[in-house]
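Asker: Provided herewith: my_file05.cif, mmCIF, C-alpha atoms (C1' of nucleotides).
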data_structure
loop_
_atom_site.label_atom_id
_atom_site.label_comp_id
_atom_site.auth_asym_id
_atom_site.auth_seq_id
_atom_site.Cartn_x
_atom_site.Cartn_y
_atom_site.Cartn_z
CA MET A 12 25.54 -22.24 40.95
CA ASP A 13 22.37 -23.12 42.78
CA SER A 14 18.96 -23.99 41.50
CA SER A 15 17.46 -20.50 41.43
CA ASP A 16 20.47 -19.18 39.55
CA ILE A 17 19.80 -21.80 36.94
CA VAL A 18 16.26 -20.58 36.53
CA VAL A 19 17.53 -17.05 36.06
CA GLN A 20 20.13 -18.14 33.56
CA LEU A 21 17.62 -20.21 31.60
CA ARG A 22 15.29 -17.25 31.42
CA ALA A 23 18.09 -15.03 30.19
CA VAL A 24 18.89 -17.51 27.43
CA GLN A 25 15.27 -17.81 26.44
CA ASP A 26 14.81 -14.05 26.34
CA LEU A 27 17.82 -13.65 24.09
CA PHE A 28 16.58 -16.30 21.73
CA ILE A 29 13.03 -14.97 21.69
CA ARG A 30 14.05 -11.41 20.98
CA ARG A 31 16.34 -12.37 18.12
CA TRP A 32 13.80 -14.68 16.55
CA GLY A 33 11.17 -11.96 16.72
CA GLU A 34 13.45 -9.52 14.93
CA MET A 35 14.19 -12.01 12.21
CA GLY A 36 10.53 -12.87 11.70
CA GLN A 37 9.76 -9.24 11.14
CA THR A 38 12.09 -8.85 8.21
CA TRP A 39 10.59 -11.96 6.61
CA GLY A 40 7.07 -10.56 6.70
CA ILE A 41 5.98 -12.21 9.95
CA ASN A 42 4.53 -10.15 12.73
CA ARG A 43 7.02 -9.78 15.56
CA THR A 44 4.71 -10.91 18.32
CA MET A 45 3.72 -14.05 16.48
CA ALA A 46 7.37 -14.91 15.92
CA GLU A 47 8.14 -14.26 19.59
CA ILE A 48 5.32 -16.47 20.79
CA HIS A 49 6.53 -19.20 18.53
CA ALA A 50 10.09 -18.78 19.77
CA LEU A 51 8.90 -18.93 23.37
CA LEU A 52 7.01 -22.15 22.82
CA TYR A 53 9.93 -23.64 20.94
CA ILE A 54 12.52 -22.85 23.57
CA ALA A 55 10.34 -23.35 26.67
CA VAL A 56 10.84 -26.61 28.48
CA GLU A 57 7.18 -27.02 29.37
CA PRO A 58 4.04 -26.18 27.38
CA CYS A 59 2.75 -22.69 28.21
CA CYS A 60 -0.76 -21.46 28.93
CA THR A 61 -2.17 -18.16 27.76
CA ASP A 62 -1.17 -16.37 30.95
CA ASP A 63 2.38 -17.66 30.74
CA VAL A 64 2.69 -16.16 27.29
CA MET A 65 1.04 -12.88 28.30
CA GLU A 66 3.31 -12.40 31.29
CA ARG A 67 6.45 -13.50 29.56
CA LEU A 68 6.06 -11.28 26.52
CA ASN A 69 4.07 -8.48 28.13
CA ILE A 70 1.17 -8.56 25.73
CA SER A 71 -2.58 -8.47 26.15
CA ARG A 72 -4.90 -11.43 26.40
CA GLY A 73 -6.55 -10.62 23.08
CA ASN A 74 -3.29 -10.37 21.23
CA THR A 75 -2.09 -13.61 22.74
CA SER A 76 -5.25 -15.45 21.86
CA MET A 77 -5.26 -14.29 18.26
CA ASN A 78 -1.64 -15.10 17.62
CA LEU A 79 -1.88 -18.51 19.28
CA ARG A 80 -4.78 -19.30 17.03
CA ALA A 81 -2.85 -18.15 13.97
CA LEU A 82 0.09 -20.36 14.91
CA CYS A 83 -2.28 -23.30 15.37
CA ASP A 84 -3.77 -22.59 11.95
CA TRP A 85 -0.30 -22.69 10.44
CA GLY A 86 0.25 -25.98 12.23
CA LEU A 87 3.40 -24.74 13.96
CA ILE A 88 2.09 -25.20 17.49
CA ARG A 89 -0.42 -27.55 19.11
CA ARG A 90 -3.01 -27.27 21.87
CA ILE A 91 -2.34 -29.51 24.86
CA HIS A 92 -4.91 -30.54 27.43
CA LYS A 93 -3.52 -31.44 30.83
CA ARG A 94 -5.67 -33.65 33.01
CA GLY A 95 -7.18 -31.79 35.93
CA GLU A 96 -6.42 -28.44 34.30
CA ARG A 97 -9.21 -26.40 32.90
CA ARG A 98 -7.05 -24.06 30.86
CA GLU A 99 -5.28 -24.96 27.63
CA PHE A 100 -1.58 -25.26 27.07
CA PHE A 101 0.43 -24.87 23.92
CA GLU A 102 3.63 -26.41 22.66
CA SER A 103 5.63 -25.95 19.50
CA LEU A 104 6.64 -28.60 17.04
CA SER A 105 10.15 -29.56 18.05
CA ASP A 106 11.55 -30.55 14.65
CA VAL A 107 12.82 -27.46 12.88
CA TRP A 108 12.85 -29.23 9.51
CA GLU A 109 9.22 -30.09 9.86
CA MET A 110 8.40 -26.51 10.75
CA PHE A 111 10.27 -25.28 7.72
CA SER A 112 8.49 -27.76 5.53
CA ILE A 113 5.11 -26.49 6.69
CA ILE A 114 6.05 -22.89 6.09
CA ALA A 115 7.57 -23.65 2.69
CA ALA A 116 4.44 -25.47 1.54
CA GLU A 117 2.16 -22.65 2.51
CA ARG A 118 4.26 -19.85 1.08
CA LYS A 119 4.78 -21.69 -2.16
CA ARG A 120 1.04 -22.12 -2.50
CA ARG A 121 0.13 -18.59 -1.47
CA GLU A 122 2.88 -16.60 -3.12
CA MET A 123 4.92 -18.41 -5.69
CA ASP A 124 2.18 -20.28 -7.49
CA PRO A 125 0.24 -17.08 -8.22
CA VAL A 126 3.35 -15.43 -9.64
CA LEU A 127 3.99 -18.36 -11.94
CA GLU A 128 0.40 -18.24 -13.05
CA THR A 129 0.64 -14.53 -13.79
CA ILE A 130 3.77 -15.07 -15.84
CA LYS A 131 2.03 -17.74 -17.87
CA GLN A 132 -0.86 -15.39 -18.46
CA CYS A 133 1.52 -12.67 -19.60
CA GLN A 134 3.20 -15.05 -22.02
CA LEU A 135 -0.16 -15.97 -23.45
CA MET A 136 -0.95 -12.32 -24.07
CA LEU A 137 2.24 -11.94 -26.09
CA ASN A 138 2.31 -15.02 -28.26
CA GLU A 139 1.74 -15.05 -32.01
CA SER A 140 -1.86 -16.12 -31.86
CA SER A 141 -2.68 -13.06 -29.77
CA LEU A 142 -0.52 -10.55 -31.58
CA GLY A 143 -0.01 -11.94 -35.07
CA LYS A 144 3.17 -11.03 -36.88
CA ALA A 145 3.63 -8.09 -34.55
CA ALA A 146 4.78 -10.61 -31.97
CA ARG A 147 8.10 -10.54 -33.78
CA GLN A 148 8.74 -6.90 -32.90
CA SER A 149 11.81 -6.46 -30.79
CA ALA A 150 9.98 -4.86 -27.87
CA VAL A 151 7.74 -7.88 -27.65
CA GLN A 152 10.64 -10.26 -28.02
CA MET A 153 12.51 -8.58 -25.20
CA THR A 154 9.55 -8.71 -22.89
CA ARG A 155 9.12 -12.36 -23.68
CA GLN A 156 12.74 -12.95 -22.77
CA ARG A 157 12.35 -11.24 -19.43
CA LEU A 158 9.26 -13.24 -18.64
CA ALA A 159 11.05 -16.45 -19.58
CA GLY A 160 13.97 -15.62 -17.29
CA MET A 161 11.67 -15.05 -14.38
CA GLU A 162 9.67 -18.15 -15.17
CA GLU A 163 12.72 -20.37 -15.17
CA PHE A 164 13.76 -18.99 -11.81
CA MET A 165 10.37 -19.40 -10.22
CA ALA A 166 9.94 -22.88 -11.62
CA VAL A 167 13.26 -24.08 -10.26
CA THR A 168 12.67 -22.45 -6.90
CA ASN A 169 9.27 -24.06 -6.76
CA LYS A 170 10.80 -27.41 -7.49
CA ILE A 171 13.31 -27.04 -4.69
CA PHE A 172 10.56 -26.07 -2.25
CA GLN A 173 8.61 -29.06 -3.42
CA GLN A 174 11.50 -31.27 -2.41
CA PHE A 175 11.42 -29.92 1.11
CA ILE A 176 7.71 -30.36 1.45
CA GLY A 177 6.50 -33.59 2.91
CA ASN A 178 10.01 -34.96 3.22
CA ALA A 179 11.05 -33.26 6.40
CA ARG A 180 9.88 -35.51 9.20
CA GLY A 181 12.78 -36.79 11.21
CA GLY A 182 15.52 -34.36 10.34
CA LEU A 183 17.35 -33.41 7.19
CA THR A 184 15.46 -33.64 3.96
CA ARG A 185 16.59 -35.39 0.87
CA VAL A 186 17.45 -32.08 -0.79
CA VAL A 187 19.71 -31.12 2.02
CA LYS A 188 21.42 -34.47 2.06
CA VAL A 189 22.11 -34.18 -1.64
CA LEU A 190 23.49 -30.70 -1.17
CA LEU A 191 25.68 -31.57 1.77
CA LYS A 192 27.09 -34.51 -0.11
CA ALA A 193 27.81 -32.40 -3.17
CA PHE A 194 29.79 -29.64 -1.48
CA MET B 5 -2.92 -5.98 -34.77
CA ASP B 6 -1.30 -2.63 -35.49
CA SER B 7 1.53 -0.91 -33.77
CA SER B 8 -0.48 1.08 -31.25
CA ASP B 9 -2.37 -2.04 -30.20
CA ILE B 10 0.94 -3.64 -29.46
CA VAL B 11 1.87 -0.77 -27.18
CA VAL B 12 -1.41 -1.18 -25.35
CA GLN B 13 -0.97 -4.93 -25.01
CA LEU B 14 2.60 -4.55 -23.78
CA ARG B 15 1.46 -2.11 -21.16
CA ALA B 16 -1.25 -4.47 -20.04
CA VAL B 17 1.27 -7.28 -19.67
CA GLN B 18 3.66 -5.05 -17.76
CA ASP B 19 0.93 -3.85 -15.42
CA LEU B 20 -0.10 -7.39 -14.62
CA PHE B 21 3.45 -8.41 -13.89
CA ILE B 22 4.17 -5.33 -11.82
CA ARG B 23 1.08 -5.67 -9.68
CA ARG B 24 1.71 -9.33 -8.91
CA TRP B 25 5.36 -8.77 -8.12
CA GLY B 26 4.47 -5.94 -5.77
CA GLU B 27 2.03 -8.16 -3.90
CA MET B 28 4.59 -10.90 -3.55
CA GLY B 29 7.29 -8.52 -2.33
CA GLN B 30 5.01 -7.33 0.42
CA THR B 31 4.59 -10.75 1.96
CA TRP B 32 8.36 -11.23 1.95
CA GLY B 33 9.00 -8.08 3.95
CA ILE B 34 9.68 -5.79 1.01
CA ASN B 35 7.77 -2.57 0.64
CA ARG B 36 5.23 -2.83 -2.14
CA THR B 37 6.31 0.29 -3.99
CA MET B 38 9.93 -0.76 -4.03
CA ALA B 39 8.97 -4.15 -5.43
CA GLU B 40 6.80 -2.50 -8.07
CA ILE B 41 9.54 -0.14 -9.17
CA HIS B 42 11.87 -3.05 -9.48
CA ALA B 43 9.34 -5.03 -11.46
CA LEU B 44 8.77 -2.08 -13.77
CA LEU B 45 12.47 -1.69 -14.49
CA TYR B 46 12.85 -5.43 -15.00
CA ILE B 47 10.01 -5.75 -17.45
CA ALA B 48 10.42 -2.41 -19.23
CA VAL B 49 12.11 -2.56 -22.58
CA GLU B 50 13.96 0.72 -22.14
CA PRO B 51 15.58 2.25 -19.05
CA CYS B 52 13.19 4.61 -17.25
CA CYS B 53 13.73 8.06 -15.80
CA THR B 54 12.22 9.31 -12.55
CA ASP B 55 9.20 10.80 -14.29
CA ASP B 56 8.50 7.58 -16.16
CA VAL B 57 8.36 5.73 -12.85
CA MET B 58 6.23 8.40 -11.17
CA GLU B 59 3.68 8.44 -13.94
CA ARG B 60 3.57 4.72 -14.43
CA LEU B 61 3.06 3.84 -10.75
CA ASN B 62 1.28 6.99 -9.64
CA ILE B 63 3.66 7.88 -6.87
CA SER B 64 5.33 11.08 -5.77
CA ARG B 65 8.74 12.29 -6.76
CA GLY B 66 10.08 11.89 -3.24
CA ASN B 67 8.89 8.34 -2.91
CA THR B 68 10.32 7.49 -6.30
CA SER B 69 13.67 9.00 -5.52
CA MET B 70 14.00 7.24 -2.20
CA ASN B 71 13.06 3.83 -3.52
CA LEU B 72 15.29 4.14 -6.57
CA ARG B 73 18.15 4.95 -4.27
CA ALA B 74 17.36 1.95 -2.07
CA LEU B 75 17.30 -0.35 -5.10
CA CYS B 76 20.64 1.05 -6.23
CA ASP B 77 22.04 0.44 -2.74
CA TRP B 78 20.92 -3.16 -2.95
CA GLY B 79 22.61 -3.36 -6.34
CA LEU B 80 19.45 -4.55 -8.05
CA ILE B 81 19.24 -1.62 -10.45
CA ARG B 82 21.77 0.68 -12.05
CA ARG B 83 21.91 4.34 -12.98
CA ILE B 84 22.30 4.99 -16.70
CA HIS B 85 23.52 8.22 -18.25
CA LYS B 86 22.36 8.87 -21.76
CA ARG B 87 24.44 11.25 -23.83
CA GLY B 88 22.72 14.54 -24.40
CA GLU B 89 20.27 13.87 -21.57
CA ARG B 90 20.53 15.72 -18.36
CA ARG B 91 18.28 13.46 -16.34
CA GLU B 92 19.22 10.01 -15.11
CA PHE B 93 17.78 6.71 -16.22
CA PHE B 94 17.55 3.43 -14.41
CA GLU B 95 17.60 -0.16 -15.51
CA SER B 96 17.35 -3.43 -13.65
CA LEU B 97 19.80 -6.27 -13.69
CA SER B 98 18.44 -8.67 -16.26
CA ASP B 99 19.74 -11.95 -14.81
CA VAL B 100 17.28 -13.21 -12.22
CA TRP B 101 19.88 -15.57 -10.74
CA GLU B 102 22.24 -12.73 -10.17
CA MET B 103 19.50 -10.71 -8.50
CA PHE B 104 18.67 -13.60 -6.24
CA SER B 105 22.30 -14.04 -5.37
CA ILE B 106 22.58 -10.42 -4.30
CA ILE B 107 19.47 -10.63 -2.17
CA ALA B 108 20.53 -13.92 -0.61
CA ALA B 109 23.93 -12.54 0.33
CA GLU B 110 22.49 -9.50 1.98
CA ARG B 111 19.75 -11.29 3.88
CA LYS B 112 22.13 -13.95 5.06
CA ARG B 113 24.43 -11.28 6.41
CA ARG B 114 21.73 -9.15 7.96
CA GLU B 115 19.37 -11.77 9.32
CA MET B 116 20.72 -15.28 9.47
CA ASP B 117 24.22 -14.57 10.73
CA PRO B 118 22.91 -12.67 13.77
CA VAL B 119 20.58 -15.54 14.66
CA LEU B 120 23.41 -18.03 14.46
CA GLU B 121 25.51 -15.78 16.63
CA THR B 122 22.75 -15.49 19.20
CA ILE B 123 22.37 -19.25 19.31
CA LYS B 124 26.07 -19.66 19.93
CA GLN B 125 25.88 -17.12 22.70
CA CYS B 126 22.97 -19.00 24.26
CA GLN B 127 24.90 -22.25 24.12
CA LEU B 128 27.82 -20.61 25.84
CA MET B 129 25.57 -19.42 28.64
CA LEU B 130 24.42 -22.98 29.25
CA ASN B 131 27.61 -25.01 29.11
CA GLU B 132 29.31 -26.62 32.08
CA SER B 133 31.89 -23.94 32.60
CA SER B 134 29.11 -21.38 33.05
CA LEU B 135 26.74 -23.48 35.10
CA GLY B 136 28.86 -26.16 36.73
CA LYS B 137 27.23 -29.47 37.50
CA ALA B 138 23.81 -27.85 37.27
CA ALA B 139 24.26 -27.94 33.51
CA ARG B 140 23.21 -31.55 33.74
CA GLN B 141 19.71 -30.70 34.93
CA SER B 142 17.08 -31.85 32.53
CA ALA B 143 15.64 -28.38 31.87
CA VAL B 144 19.06 -27.22 30.77
CA GLN B 145 19.62 -30.31 28.69
CA MET B 146 16.32 -29.83 26.90
CA THR B 147 17.06 -26.22 26.14
CA ARG B 148 20.43 -27.21 24.78
CA GLN B 149 18.76 -29.73 22.52
CA ARG B 150 16.38 -27.13 21.12
CA LEU B 151 19.21 -24.73 20.49
CA ALA B 152 21.17 -27.45 18.74
CA GLY B 153 18.22 -28.28 16.48
CA MET B 154 17.86 -24.68 15.44
CA GLU B 155 21.59 -24.29 14.99
CA GLU B 156 21.80 -27.25 12.63
CA PHE B 157 18.96 -25.85 10.56
CA MET B 158 20.43 -22.36 10.34
CA ALA B 159 23.90 -23.67 9.58
CA VAL B 160 22.68 -25.81 6.70
CA THR B 161 20.48 -23.04 5.32
CA ASN B 162 23.40 -20.68 5.54
CA LYS B 163 25.53 -23.11 3.64
CA ILE B 164 22.97 -23.40 0.87
CA PHE B 165 22.71 -19.64 0.58
CA GLN B 166 26.48 -19.48 0.47
CA GLN B 167 26.41 -21.72 -2.57
CA PHE B 168 24.14 -19.33 -4.41
CA ILE B 169 26.22 -16.32 -3.58
CA GLY B 170 28.86 -15.34 -6.03
CA ASN B 171 28.05 -18.27 -8.32
CA ALA B 172 25.06 -16.87 -10.09
CA ARG B 173 26.42 -14.91 -13.03
CA GLY B 174 25.25 -16.37 -16.28
CA GLY B 175 22.26 -18.45 -15.23
CA LEU B 176 21.74 -21.42 -13.01
CA THR B 177 24.03 -21.81 -10.06
CA ARG B 178 25.98 -24.87 -9.18
CA VAL B 179 23.54 -25.71 -6.38
CA VAL B 180 20.64 -25.67 -8.73
CA LYS B 181 22.42 -27.81 -11.27
CA VAL B 182 23.18 -30.37 -8.61
CA LEU B 183 19.58 -30.36 -7.50
CA LEU B 184 18.10 -30.64 -10.94
CA LYS B 185 20.40 -33.52 -11.71
CA ALA B 186 19.45 -35.32 -8.50
CA PHE B 187 15.70 -35.22 -8.93
"C1'" DT C 9 27.46 34.87 -12.79
"C1'" DC C 10 22.59 33.30 -13.06
"C1'" DA C 11 18.95 30.48 -15.07
"C1'" DT C 12 17.47 25.96 -15.93
"C1'" DT C 13 16.71 21.29 -15.08
"C1'" DC C 14 16.81 17.55 -12.40
"C1'" DT C 15 17.60 15.13 -7.70
"C1'" DT C 16 17.43 14.64 -2.81
"C1'" DT C 17 15.78 15.37 1.70
"C1'" DC C 18 12.61 15.53 5.33
"C1'" DA C 19 8.78 17.40 8.29
"C1'" DG C 20 4.28 16.54 8.33
"C1'" DT C 21 0.33 13.56 6.81
"C1'" DA C 22 -1.94 9.44 5.58
"C1'" DT C 23 -2.35 4.66 5.66
"C1'" DT C 24 -1.72 0.20 7.34
"C1'" DT C 25 -0.74 -2.86 10.85
"C1'" DT C 26 -0.80 -4.28 15.38
"C1'" DC C 27 -2.49 -4.19 20.06
"C1'" DT C 28 -5.57 -3.50 23.96
"C1'" DG C 29 -9.27 -4.24 27.10
"C1'" DA C 30 -13.77 -5.06 27.93
"C1'" DA C 31 -17.71 -7.64 26.72
"C1'" DA C 32 -19.58 -11.85 25.07
"C1'" DG C 33 -19.14 -16.80 24.65
"C1'" DG C 34 -18.24 -21.58 26.45
"C1'" DA C 35 -17.25 -25.19 29.37
"C1'" DT C 36 -17.26 -27.37 33.81
"C1'" DA C 37 -18.44 -27.89 38.60
"C1'" DT C 38 -21.69 -27.09 42.48
"C1'" DA D 18 -29.77 -22.80 37.63
"C1'" DT D 19 -25.65 -20.01 38.66
"C1'" DA D 20 -20.91 -19.35 39.80
"C1'" DT D 21 -16.28 -19.97 38.27
"C1'" DC D 22 -12.72 -20.04 35.14
"C1'" DC D 23 -11.02 -19.61 30.80
"C1'" DT D 24 -11.18 -18.24 25.70
"C1'" DT D 25 -12.51 -15.53 21.84
"C1'" DT D 26 -13.94 -11.48 19.49
"C1'" DC D 27 -13.74 -6.95 17.95
"C1'" DA D 28 -14.27 -1.72 18.14
"C1'" DG D 29 -11.36 1.68 19.02
"C1'" DA D 30 -6.49 3.26 20.31
"C1'" DA D 31 -1.67 3.16 19.51
"C1'" DA D 32 2.28 2.34 16.92
"C1'" DA D 33 4.72 1.50 12.85
"C1'" DT D 34 5.26 2.29 8.11
"C1'" DA D 35 4.89 4.50 3.82
"C1'" DC D 36 4.00 8.67 1.13
"C1'" DT D 37 3.69 13.51 -0.26
"C1'" DG D 38 5.10 17.94 -1.63
"C1'" DA D 39 7.75 21.73 -1.08
"C1'" DA D 40 12.19 23.49 -0.20
"C1'" DA D 41 17.05 22.91 -0.57
"C1'" DG D 42 20.86 20.98 -3.17
"C1'" DA D 43 23.59 19.81 -7.49
"C1'" DA D 44 24.84 19.82 -11.98
"C1'" DT D 45 24.90 21.91 -16.48
"C1'" DG D 46 25.10 25.42 -19.72
"C1'" DA D 47 24.47 30.24 -21.46
#
In structure tokens, what does this structure look like?
Answerer:
Amino acid sequence: MDSSDIVVQLRAVQDLFIRRWGEMGQTWGINRTMAEIHALLYIAVEPCCTDDVMERLNISRGNTSMNLRALCDWGLIRRIHKRGERREFFESLSDVWEMFSIIAAERKRREMDPVLETIKQCQLMLNESSLGKAARQSAVQMTRQRLAGMEEFMAVTNKIFQQFIGNARGGLTRVVKVLLKAF
Amino acid sequence: MDSSDIVVQLRAVQDLFIRRWGEMGQTWGINRTMAEIHALLYIAVEPCCTDDVMERLNISRGNTSMNLRALCDWGLIRRIHKRGERREFFESLSDVWEMFSIIAAERKRREMDPVLETIKQCQLMLNESSLGKAARQSAVQMTRQRLAGMEEFMAVTNKIFQQFIGNARGGLTRVVKVLLKAF
DNA sequence: TCATTCTTTCAGTATTTTCTGAAAGGATAT
DNA sequence: ATATCCTTTCAGAAAATACTGAAAGAATGA
């Protein structure tokens, strides 16, 4: 196989990876294009500029710009300045564990914490000092039980996320090591 | 507080919970209405019929029917037949760990397994028997490294999910117990 | 059988999300 | 200054998703 074949084959691999990653992102509530850009920057050998991304994924300049900015805001990619180049380049973090840690932290904060807070508020609305003796009614008791079940789940999940966060630099986290050892 | 106040307060609590759960579902790639129906059935004291759901969430019969069916397909809710009643009722699983286990199993199968498979396919396309000596080029090597990093992550995540699956009946899973013990 | 009651389906509509392209905004070099 | 090159913004267009309501389908019972 000669050098240009290699280029073709590398592109084919990258395209496969990018497409699949985009599909997966979608079902996890991430916009497909953003996931694809991220996949491209992760799998690309060199940092890419805006035009690279546009051409590779067939999307407009505006779309590219907005999604690159969003990925920077998340902290999943970085701007790179090359000397003698006026335009900007972008590269992805290369440590998947670190990426996961960043995402976990943000989603915990944005989505799980509010749910826990709501559950606590609900529990407050159903305790004896709010309802008096009526709090002993079975309907109230049952609701309290459901809320408690959900609270336990969210609290434990939160704790696990917490273990990932800030511990991920340089590969497997402590949580994962514990798990792999245990099973 | 008298009995009708209790009803009002319970409804208020349920509404709070339902709204928050719906919002959270959305950001995890689950349609808001489906998440709300599920929340309603989880927090409701009695099983609900189609009209209960329609009235409570202000949605059409068609929408209700389709989402109830989808939740049944997932296995997160069950149909209930009451004697002497012609219409059907629905209730949610009450064990949050079991619900999570079901969701984890399905998402692993639908989303993570395909990514792992794609990565393996990519690796195959870049090994020496496909590329010959050219496989030693640094661009190829770097791509292989990235694929390996992602593969390790997905494999470990898959393994963790696997531990949740089928172990959840009756509360905390083995994974969680290990984790809580360790930290 | 036919009436009644409830459920499902799905074509069309509405809503939300995403994307485009052109204009405005910056930075650097001449 | 002004030309060049690149980035950002955002109003409007396009696409994807979710929802409605009415008609058809099923089950039950008289």
Asker: Excluding segment 26-37 of chain D and any residue of its chain fewer than 5 positions from it, enumerate the residues within 8 Å of it, using only C-alpha atoms (C1' of nucleotides), and give them as a list of chain:residue names.
Answerer: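 Within the cut-off, the hits are B:Ser64, B:Gly66, B:Asn67, C:DT21, C:DA22, C:DT23, C:DT24, C:DT25, C:DT26, C:DC27, C:DT28, C:DA32.
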Asker: Write out as a VMD selection string each polymer residue whose atoms come within 8 Å of segment 70-77 of chain B, counting all atoms listed in the file; drop sequence neighbours fewer than 3 positions from it.
Answerer: chain B and resid 37 to 38 41 to 42 66 to 67 80 to 83
Asker: Name every residue that the PyMOL selection byres ((chain C) within 9 of (chain B)) selects in this structure, writing the answer as a JSON list (two decimals) with C-alpha atoms (C1' of nucleotides), in the frame of the given file with chains first and numbers rising.
Answerer:
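Result file follows (out.json):
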[["chain", "number", "residue", "atom", "x", "y", "z"],
["C", 13, "DT", "C1'", 16.71, 21.29, -15.08],
["C", 14, "DC", "C1'", 16.81, 17.55, -12.40],
["C", 15, "DT", "C1'", 17.60, 15.13, -7.70],
["C", 16, "DT", "C1'", 17.43, 14.64, -2.81],
["C", 17, "DT", "C1'", 15.78, 15.37, 1.70]]
Asker: Using all atoms listed in the file, which residues sit within 10 Å of Asn169 of chain A once same-chain residues fewer than 3 positions away are excluded, as a list in words?
Answerer: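 In the requested format, the answer is Ala115, Ala116, Lys119, Arg120, Met123, Asp124, Leu127, Glu163, Phe164, Met165, Ala166, Phe172, Gln173 and Gln174 of chain A.
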Asker: Restricting it to C-alpha atoms, dump the selection as a PDB file, in the coordinates of the input.
Answerer:
ATOM      1  CA  ALA A 115       7.570 -23.650   2.690  1.00  0.00           C
ATOM      2  CA  ALA A 116       4.440 -25.470   1.540  1.00  0.00           C
ATOM      3  CA  LYS A 119       4.780 -21.690  -2.160  1.00  0.00           C
ATOM      4  CA  ARG A 120       1.040 -22.120  -2.500  1.00  0.00           C
ATOM      5  CA  MET A 123       4.920 -18.410  -5.690  1.00  0.00           C
ATOM      6  CA  ASP A 124       2.180 -20.280  -7.490  1.00  0.00           C
ATOM      7  CA  LEU A 127       3.990 -18.360 -11.940  1.00  0.00           C
ATOM      8  CA  GLU A 163      12.720 -20.370 -15.170  1.00  0.00           C
ATOM      9  CA  PHE A 164      13.760 -18.990 -11.810  1.00  0.00           C
ATOM     10  CA  MET A 165      10.370 -19.400 -10.220  1.00  0.00           C
ATOM     11  CA  ALA A 166       9.940 -22.880 -11.620  1.00  0.00           C
ATOM     12  CA  PHE A 172      10.560 -26.070  -2.250  1.00  0.00           C
ATOM     13  CA  GLN A 173       8.610 -29.060  -3.420  1.00  0.00           C
ATOM     14  CA  GLN A 174      11.500 -31.270  -2.410  1.00  0.00           C
TER      15      GLN A 174
END
Asker: For the structure shown, which residues end up in the PyMOL selection byres ((chain A and resi 59) around 6)? Put them as an mmCIF file with C-alpha atoms, keeping the file's coordinate frame, please?
Answerer:
data_model
loop_
_atom_site.group_PDB
_atom_site.id
_atom_site.type_symbol
_atom_site.label_atom_id
_atom_site.label_comp_id
_atom_site.auth_asym_id
_atom_site.auth_seq_id
_atom_site.Cartn_x
_atom_site.Cartn_y
_atom_site.Cartn_z
ATOM 1 C CA PRO A 58 4.040 -26.180 27.380
ATOM 2 C CA CYS A 60 -0.760 -21.460 28.930
ATOM 3 C CA ASP A 63 2.380 -17.660 30.740
ATOM 4 C CA PHE A 100 -1.580 -25.260 27.070
ATOM 5 C CA PHE A 101 0.430 -24.870 23.920
#
Asker: Could you list, as a VMD selection string, every residue of chain D that has an atom within 9 Å of an atom of chain A, counting only C-alpha atoms (C1' of nucleotides)?
Answerer: chain D and resid 22 to 26
Asker: Please expand the PyMOL selection byres ((chain B and resi 12-22) around 9) into the concrete residues it hits in this file, giving the result as a PyMOL selection string.
Answerer: (chain A and resi 126+129-130+132-134+136-137+142+150-151+154+158) or (chain B and resi 7-11+23-27+39-44+47-48)
Asker: Would you kindly report the residues of chain B within 6 Å of chain A, using only C-alpha atoms, as a list in words?
Answerer: Val17, Met28, Thr31, Trp32, Gly33, Glu115 and Cys126 of chain B
Asker: In Å to one decimal, how far is atom C1' of DT21 of chain D from atom C1' of DA31 of chain C?
Answerer: 17.0 Å
Asker: Given the choices B:Glu110, B:Glu132, B:Arg140, B:Glu95, which gets closest to Gly170 of chain B if the distance is worked out from only C-alpha atoms?
Answerer: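 Closest residue, counting only C-alpha atoms: B:Glu110.
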Asker: Report the distance between atom CA of Gly88 of chain B and atom CA of Asn62 of chain B in Å, rounded to one decimal place.
Answerer: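 Separation between atom CA of Gly88 of chain B and atom CA of Asn62 of chain B: 27.1 Å.
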Asker: Report, as JSON, the centre and edge lengths in Å (one decimal) of the axis-aligned box enclosing every listed atom of segment 26-33 of chain D, padded by 8 Å on each side.
Answerer:
{"center_x": -4.8, "center_y": -4.1, "center_z": 16.6, "size_x": 35.0, "size_y": 30.7, "size_z": 23.5}
Asker: Any idea what the distance is between atom CA of Ser103 of chain A and atom CA of Leu52 of chain A?
Answerer: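 Value for the atom CA of Ser103 of chain A-atom CA of Leu52 of chain A distance: 5.2 Å.
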